[in-house]
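*Asks:* Right, I'll just put the structure down here and ask away after.
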Amino acid sequence: MTDGDDFLAWIGSALHEAERALHNGDPWPRRALWSSNEPVSVLGAWRNAHGQQEIDELFEALGASFSDCTSYAFEPLSYDVVGDMAYTEGLEHTSASVDGEPRTYTLRVTQVYRREGGVWRVAHRHADTVTE
């Protein structure tokens, strides 16, 4: 297996499960996959965050907003792995309740990853809503 194959396997397993957990109201699996080293940042579809404290606050708020995830899928459009850095860009298709209201939406998402101690960690996320 190549670095790229290993990275995509991690995206399709650990990261996918963490995103499903978040959309079911549990932010901690997602937080566990994020870097504990600075810098970390989110330019989010609903809210931005810079630094560890703001990331924690954002993920807690998202976890409190989301519930009842009926589907989550990441559709990768491109990715690359160069040494201990990687990125993905693609579409996240989600059906979940947001503040108690069922919603289905698609986000355009770019994420940047760092390999820390041999393990991939998310360092940056940029997402916006796809409008038709």
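Going through the structure tokens in order, the chains are called A, B, and so on, while each chain numbers its residues from 1 and the ligands are numbered from 1 in the order shown.
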Under the rule of at most 9 Å, produce a per-residue listing of stretch 48-131 of chain A near stretch 1-18 of chain A: chain, number, name, the closest pair of atoms, and the distance in Å, as a tab-separated table, using only C-alpha atoms.
*Replies:*
residue	atom	partner	partner_atom	distance
A:Tyr72	CA	A:His16	CA	8.1
A:Ala73	CA	A:His16	CA	7.6
A:Phe74	CA	A:His16	CA	7.6
A:Tyr79	CA	A:Gly4	CA	8.5
A:Asp80	CA	A:Gly4	CA	7.1
A:Val81	CA	A:Gly4	CA	5.9
A:Val82	CA	A:Asp3	CA	8.8
A:Gly83	CA	A:Asp3	CA	8.6
A:Ala86	CA	A:Phe7	CA	8.4
A:Trp120	CA	A:Phe7	CA	7.8
*Asks:* How would the residues just chosen look if you wrote them out with N, CA and C atoms as a PDB file, in the first residue's frame?
*Replies:*
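Everything below was put into selection.pdb:
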ATOM      1  N   TYR A  72     -24.412  10.089   5.938  1.00  0.00           N
ATOM      2  CA  TYR A  72     -23.261  10.976   5.782  1.00  0.00           C
ATOM      3  C   TYR A  72     -22.337  10.299   4.777  1.00  0.00           C
ATOM      4  N   ALA A  73     -21.899  11.040   3.775  1.00  0.00           N
ATOM      5  CA  ALA A  73     -20.951  10.508   2.795  1.00  0.00           C
ATOM      6  C   ALA A  73     -20.021  11.623   2.357  1.00  0.00           C
ATOM      7  N   PHE A  74     -18.745  11.291   2.269  1.00  0.00           N
ATOM      8  CA  PHE A  74     -17.757  12.215   1.721  1.00  0.00           C
ATOM      9  C   PHE A  74     -17.420  11.739   0.315  1.00  0.00           C
ATOM     10  N   TYR A  79      -7.221  14.769  -3.896  1.00  0.00           N
ATOM     11  CA  TYR A  79      -6.426  14.687  -2.673  1.00  0.00           C
ATOM     12  C   TYR A  79      -4.970  14.531  -3.073  1.00  0.00           C
ATOM     13  N   ASP A  80      -4.089  14.793  -2.129  1.00  0.00           N
ATOM     14  CA  ASP A  80      -2.676  14.524  -2.349  1.00  0.00           C
ATOM     15  C   ASP A  80      -2.009  14.340  -0.999  1.00  0.00           C
ATOM     16  N   VAL A  81      -0.963  13.554  -1.006  1.00  0.00           N
ATOM     17  CA  VAL A  81      -0.127  13.325   0.172  1.00  0.00           C
ATOM     18  C   VAL A  81       1.299  13.637  -0.248  1.00  0.00           C
ATOM     19  N   VAL A  82       1.933  14.568   0.471  1.00  0.00           N
ATOM     20  CA  VAL A  82       3.324  14.916   0.209  1.00  0.00           C
ATOM     21  C   VAL A  82       4.045  14.886   1.546  1.00  0.00           C
ATOM     22  N   GLY A  83       4.822  13.854   1.771  1.00  0.00           N
ATOM     23  CA  GLY A  83       5.514  13.710   3.052  1.00  0.00           C
ATOM     24  C   GLY A  83       4.513  13.600   4.187  1.00  0.00           C
ATOM     25  N   ALA A  86      -1.026  16.525   3.853  1.00  0.00           N
ATOM     26  CA  ALA A  86      -1.997  16.038   2.866  1.00  0.00           C
ATOM     27  C   ALA A  86      -3.171  16.998   2.819  1.00  0.00           C
ATOM     28  N   TRP A 120      -2.340  10.550  11.150  1.00  0.00           N
ATOM     29  CA  TRP A 120      -2.918  11.722  10.486  1.00  0.00           C
ATOM     30  C   TRP A 120      -3.796  12.504  11.442  1.00  0.00           C
TER      31      TRP A 120
END
*Asks:* Could you produce a table of the residues of stretch 21-82 of chain A lying within 12 Å of stretch 101-117 of chain A, with the nearest pair of atoms per residue and their separation in Å rounded to one decimal, using only C-alpha atoms, ordered by chain and increasing residue number, as a tab-separated table?
*Replies:*
residue	atom	partner	partner_atom	distance
A:His23	CA	A:Arg103	CA	11.2
A:Leu33	CA	A:Tyr113	CA	9.9
A:Trp34	CA	A:Tyr113	CA	8.6
A:Ser35	CA	A:Arg114	CA	7.7
A:Ser36	CA	A:Glu116	CA	9.6
A:Asn37	CA	A:Glu116	CA	9.1
A:Glu38	CA	A:Arg114	CA	11.0
A:Pro39	CA	A:Arg114	CA	10.8
A:Val40	CA	A:Val112	CA	9.6
A:Ser41	CA	A:Val112	CA	9.8
A:Val42	CA	A:Gln111	CA	9.1
A:Leu43	CA	A:Thr110	CA	9.8
A:Gly44	CA	A:Val109	CA	9.0
A:Ala45	CA	A:Leu107	CA	7.6
A:Trp46	CA	A:Leu107	CA	10.8
A:Ser65	CA	A:Glu101	CA	9.7
A:Phe66	CA	A:Glu101	CA	9.3
A:Ser67	CA	A:Pro102	CA	8.9
A:Asp68	CA	A:Pro102	CA	8.2
A:Cys69	CA	A:Pro102	CA	9.0
A:Thr70	CA	A:Thr104	CA	9.5
A:Ser71	CA	A:Thr104	CA	9.0
A:Tyr72	CA	A:Thr104	CA	9.7
A:Ala73	CA	A:Thr106	CA	9.6
A:Phe74	CA	A:Val109	CA	9.2
A:Glu75	CA	A:Arg108	CA	9.7
A:Pro76	CA	A:Val109	CA	9.2
A:Leu77	CA	A:Val109	CA	9.9
A:Ser78	CA	A:Thr110	CA	9.5
A:Tyr79	CA	A:Thr110	CA	9.4
A:Asp80	CA	A:Val112	CA	9.9
A:Val81	CA	A:Tyr113	CA	9.0
A:Val82	CA	A:Arg114	CA	10.0
*Asks:* For the structure I just gave you, how does DSSP split stretch 24-122 of chain A - specifically, which residues are strand (DSSP E or B)? Reply as a VMD selection string.
*Replies:* chain A and resid 34 41 to 43 48 to 50 66 to 82 85 to 98 101 to 116 119 to 122
*Asks:* From the list A:Leu62, A:Asp99, A:Ala32, A:Gln52, which residue is nearest A:Val119 when using only C-alpha atoms?
*Replies:*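 For A:Val119, the nearest of the given residues is A:Ala32.
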*Asks:* Just to confirm, what's the straight-line distance from atom CA of A:Ala64 to atom CA of A:Gly100 in Å (one decimal)?
*Replies:*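 Calculated distance between atom CA of A:Ala64 and atom CA of A:Gly100 is 10.2 Å.
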*Asks:* Hey, which of A:Glu19, A:Ser97, A:Pro29, A:Ala49 ends up closest to A:Arg125? Count only C-alpha atoms.
*Replies:*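 Residue with the minimum atom-to-atom distance to A:Arg125: A:Ala49.
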*Asks:* Give me every alpha helix (DSSP H) residue in chain A, going by DSSP on the backbone, as a VMD selection string.
*Replies:* chain A and resid 3 to 10 16 to 23 28 to 33 52 to 65
*Asks:* What separation in Å, quoted to one decimal, exists between atom CA of A:Gly63 and atom CA of A:Leu22?
*Replies:*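 Separating atom CA of A:Gly63 from atom CA of A:Leu22 is a distance of 5.6 Å.
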*Asks:* Find the distance between atom CA of A:Gly90 and atom CA of A:Val122 and write it in Å to one decimal.
*Replies:*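 Distance reported for this atom pair: 15.1 Å.
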